[in-house]
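A.B. asks: One file is attached below, coords23.cif, containing mmCIF, C-alpha atoms.
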data_final
#
loop_
_atom_site.label_atom_id
_atom_site.label_comp_id
_atom_site.auth_asym_id
_atom_site.auth_seq_id
_atom_site.Cartn_x
_atom_site.Cartn_y
_atom_site.Cartn_z
CA MET R 1 13.07 11.75 1.61
CA LYS R 2 9.37 11.37 2.38
CA LYS R 3 8.55 14.57 0.50
CA ILE R 4 10.48 13.41 -2.56
CA GLY R 5 8.65 10.08 -2.51
CA ARG R 6 5.29 11.84 -2.25
CA TRP R 7 6.25 14.22 -5.05
CA LEU R 8 7.25 11.30 -7.33
CA ARG R 9 4.04 9.45 -6.48
CA ASN R 10 1.97 12.52 -7.34
CA LEU R 11 3.91 12.95 -10.59
CA VAL R 12 3.17 9.36 -11.63
CA VAL R 13 -0.49 9.73 -10.64
CA LEU R 14 -0.68 13.01 -12.60
CA ALA R 15 0.72 11.39 -15.74
CA LEU R 16 -1.52 8.34 -15.57
CA TRP R 17 -4.61 10.39 -14.70
CA SER R 18 -3.96 12.74 -17.59
CA VAL R 19 -3.69 9.87 -20.06
CA VAL R 20 -6.86 8.19 -18.81
CA PHE R 21 -8.81 11.48 -18.66
CA VAL R 22 -7.81 12.56 -22.16
CA PHE R 23 -8.66 9.16 -23.60
CA VAL R 24 -12.08 8.92 -21.94
CA SER R 25 -13.15 12.53 -22.45
CA ASN R 26 -11.92 12.63 -26.06
CA THR R 27 -13.77 9.39 -26.82
CA LEU R 28 -16.99 10.82 -25.35
CA LEU R 29 -16.68 14.06 -27.30
CA VAL R 30 -16.03 12.17 -30.54
CA LEU R 31 -19.01 9.90 -29.95
CA VAL R 32 -21.43 12.70 -29.06
CA TRP R 33 -20.31 15.70 -31.19
CA ASN R 34 -17.70 14.23 -33.54
CA PHE R 35 -15.20 16.73 -32.09
CA ASP R 36 -11.68 15.46 -31.41
CA TYR R 37 -10.12 18.06 -29.12
CA VAL R 38 -6.71 16.43 -29.43
CA SER R 39 -6.77 16.90 -33.21
CA HIS R 40 -5.64 20.19 -34.74
CA GLU R 41 -8.16 19.78 -37.55
CA SER R 42 -11.19 19.85 -35.24
CA TRP R 43 -9.99 23.09 -33.65
CA LYS R 44 -9.36 24.58 -37.07
CA VAL R 45 -12.95 23.81 -38.12
CA LEU R 46 -14.26 25.41 -34.91
CA VAL R 47 -12.12 28.56 -35.34
CA ASP R 48 -13.09 28.88 -39.02
CA TYR R 49 -16.78 28.56 -38.08
CA TRP R 50 -16.39 31.27 -35.44
CA ASN R 51 -14.35 33.61 -37.67
CA SER R 52 -16.81 33.31 -40.55
CA GLY R 53 -19.58 34.71 -38.34
CA GLY R 54 -20.97 31.50 -36.91
CA VAL R 55 -23.22 31.86 -33.91
CA ILE R 56 -23.46 29.38 -31.09
CA LYS R 57 -27.18 29.23 -30.54
CA SER R 58 -28.34 25.62 -30.69
CA ALA R 59 -28.41 23.44 -27.60
CA SER R 60 -25.87 21.06 -29.13
CA ASP R 61 -23.41 23.90 -29.77
CA LEU R 62 -23.86 25.26 -26.25
CA LEU R 63 -23.27 21.83 -24.74
CA LEU R 64 -20.11 21.36 -26.84
CA VAL R 65 -18.65 24.70 -25.76
CA GLY R 66 -19.71 24.11 -22.17
CA SER R 67 -18.07 20.70 -22.12
CA LEU R 68 -14.87 22.17 -23.59
CA PHE R 69 -14.82 24.78 -20.82
CA LEU R 70 -15.52 22.12 -18.16
CA LEU R 71 -12.71 19.79 -19.27
CA PRO R 72 -9.91 21.53 -17.29
CA ILE R 73 -12.10 21.81 -14.19
CA LEU R 74 -13.06 18.14 -14.36
CA TRP R 75 -9.43 17.19 -14.94
CA LEU R 76 -8.33 19.10 -11.83
CA LEU R 77 -11.13 17.74 -9.64
CA GLY R 78 -10.44 14.22 -10.85
CA PHE R 79 -6.72 14.58 -10.22
CA ASN R 80 -7.33 15.73 -6.63
CA ARG R 81 -9.64 12.78 -6.10
CA VAL R 82 -7.31 10.21 -7.69
CA ARG R 83 -4.29 11.58 -5.82
CA LYS R 84 -5.92 10.73 -2.47
CA LEU R 85 -6.57 7.07 -3.27
CA ASP R 86 -4.62 4.33 -1.48
CA TYR R 87 -3.09 2.40 -4.37
CA ALA R 88 -1.28 -0.13 -2.20
CA LYS R 89 -4.62 -1.19 -0.73
CA MET R 90 -6.19 -1.36 -4.20
CA LEU R 91 -3.34 -3.44 -5.61
CA LEU R 92 -3.38 -5.84 -2.66
CA ALA R 93 -7.18 -6.26 -2.68
CA PRO R 94 -7.11 -9.48 -4.80
CA VAL R 95 -4.41 -10.96 -2.56
CA ASN R 96 -6.43 -10.07 0.54
CA ALA R 97 -9.57 -11.56 -1.01
CA ILE R 98 -7.77 -14.85 -1.73
CA TYR R 99 -6.27 -14.85 1.77
CA ASP R 100 -9.70 -14.28 3.34
CA TRP R 101 -11.21 -17.01 1.16
CA ILE R 102 -8.54 -19.53 2.20
CA ASN R 103 -8.80 -18.65 5.89
CA ARG R 104 -12.58 -18.47 6.07
CA ASP R 105 -14.38 -20.13 8.95
CA THR R 106 -16.39 -23.20 8.10
CA ASP R 107 -18.81 -22.84 11.02
CA ASP R 108 -19.93 -19.25 10.86
CA ASN R 109 -23.25 -20.03 12.53
CA GLU R 110 -21.80 -21.71 15.62
CA ARG R 111 -22.96 -19.98 18.78
CA ILE R 112 -20.92 -19.74 21.91
CA VAL R 113 -23.07 -19.95 25.03
CA ILE R 114 -21.48 -19.14 28.34
CA ARG R 115 -23.46 -20.58 31.22
CA ASN R 116 -23.26 -20.47 34.98
CA ILE R 117 -21.79 -17.03 35.16
CA LYS R 118 -22.37 -15.94 38.72
CA SER R 119 -21.76 -12.80 40.64
CA GLY R 120 -19.06 -12.51 43.26
CA THR R 121 -21.48 -12.88 46.18
CA GLN R 122 -23.03 -16.04 44.71
CA ARG R 123 -19.59 -17.53 44.21
CA ALA R 124 -18.58 -16.63 47.78
CA GLU R 125 -21.70 -18.40 49.14
CA GLU R 126 -20.83 -21.52 47.13
CA ILE R 127 -17.31 -21.55 48.52
CA LYS R 128 -18.62 -21.19 52.11
CA ASN R 129 -20.99 -24.10 51.56
CA GLU R 130 -18.20 -26.24 50.15
CA LEU R 131 -15.97 -25.42 53.13
CA GLU R 132 -18.72 -26.30 55.62
CA SER R 133 -19.28 -29.62 53.92
CA LEU R 134 -15.55 -30.38 54.17
CA LYS R 135 -15.38 -29.72 57.95
CA PRO R 136 -15.20 -32.90 59.94
CA GLY R 137 -18.45 -33.48 61.69
CA LYS R 138 -19.05 -35.45 64.85
CA ALA R 139 -18.91 -39.10 64.18
CA LYS R 140 -22.30 -40.80 64.23
CA LYS R 141 -20.93 -43.92 65.84
CA ALA R 142 -19.50 -41.93 68.72
CA GLY R 143 -22.86 -40.28 69.28
CA ASN R 144 -24.61 -43.65 69.22
CA ILE R 145 -22.16 -45.18 71.70
CA ARG R 146 -22.64 -42.31 74.11
CA LYS R 147 -26.41 -42.69 73.92
CA LYS R 148 -26.14 -46.38 74.68
CA VAL R 149 -23.85 -45.75 77.63
CA VAL R 150 -26.21 -43.14 79.02
CA GLU R 151 -29.17 -45.51 78.58
CA LYS R 152 -27.41 -48.38 80.37
CA ARG R 153 -26.49 -46.15 83.29
CA THR R 154 -30.01 -44.96 83.67
CA GLU R 155 -31.35 -48.52 83.64
CA LYS R 156 -29.34 -49.65 86.59
#
Produce structure tokens that represent the structure in this file.
C.D. replies:
Amino acid sequence: MKKIGRWLRNLVVLALWSVVFVFVSNTLLVLVWNFDYVSHESWKVLVDYWNSGGVIKSASDLLLVGSLFLLPILWLLGFNRVRKLDYAKMLLAPVNAIYDWINRDTDDNERIVIRNIKSGTQRAEEIKNELESLKPGKAKKAGNIRKKVVEKRTEK
């Protein structure tokens, strides 16, 4: 099924590419040399010129013949290039642009600064210090009372 879908896609691309290529290249040839390669009359004039002993010697004539020989090569190269394009992405580009515009960030210049990032050993030292400060220490009043008792005993 996938091969059939790819084949149909390539067939559609081939048809559309051929139409666009013929239109653009024919328009260019008509503008530059007044030669319509789709028209039977233009080919008849060229064949009559050749059969009557005409010689292709001017630069304009050489460029016309060269461009006529290059048309199939350019068509094939263009078809290979156009066949590889991702048309779904191209067709959805306006929708994606609108979506990105709607969901844009208003503060693009806002910086995020992360402070006080410490290593594991620094954090372990902080925890030890916190634990030591939480340990119950000897009461100051008890120490003072003992001193007073010792002083009174020594006085007697």
A.B. asks: Take CA of Tyr99 in chain R and CA of Arg111 in chain R and report the distance between them in Å, one decimal.
C.D. replies: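 Spanning CA of Tyr99 in chain R to CA of Arg111 in chain R is a straight-line distance of 24.4 Å.
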A.B. asks: Could you produce a table of the residues of range 4-55 of chain R lying within 9 Å of range 64-88 of chain R, with the nearest pair of atoms per residue and their separation in Å rounded to one decimal, using all atoms listed in the file, ordered by chain and increasing residue number, as a tab-separated table?
C.D. replies:
residue	atom	partner	partner_atom	distance
R:Arg9	CA	R:Arg83	CA	8.6
R:Asn10	CA	R:Arg83	CA	6.5
R:Val13	CA	R:Arg83	CA	6.4
R:Leu14	CA	R:Phe79	CA	6.7
R:Trp17	CA	R:Phe79	CA	6.5
R:Ser18	CA	R:Trp75	CA	7.5
R:Phe21	CA	R:Trp75	CA	6.8
R:Val22	CA	R:Trp75	CA	8.7
R:Ser25	CA	R:Leu71	CA	7.9
R:Leu29	CA	R:Leu64	CA	8.1
R:Trp33	CA	R:Leu64	CA	7.1
R:Phe35	CA	R:Leu64	CA	8.6
R:Tyr37	CA	R:Leu68	CA	8.4
A.B. asks: Take CA of Ser52 in chain R and CA of Val32 in chain R and report the distance between them in Å, one decimal.
C.D. replies: 24.0 Å
A.B. asks: Interatomic distance between CA of Ser58 in chain R and CA of Leu31 in chain R?
C.D. replies: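 These two atoms are separated by 18.3 Å.
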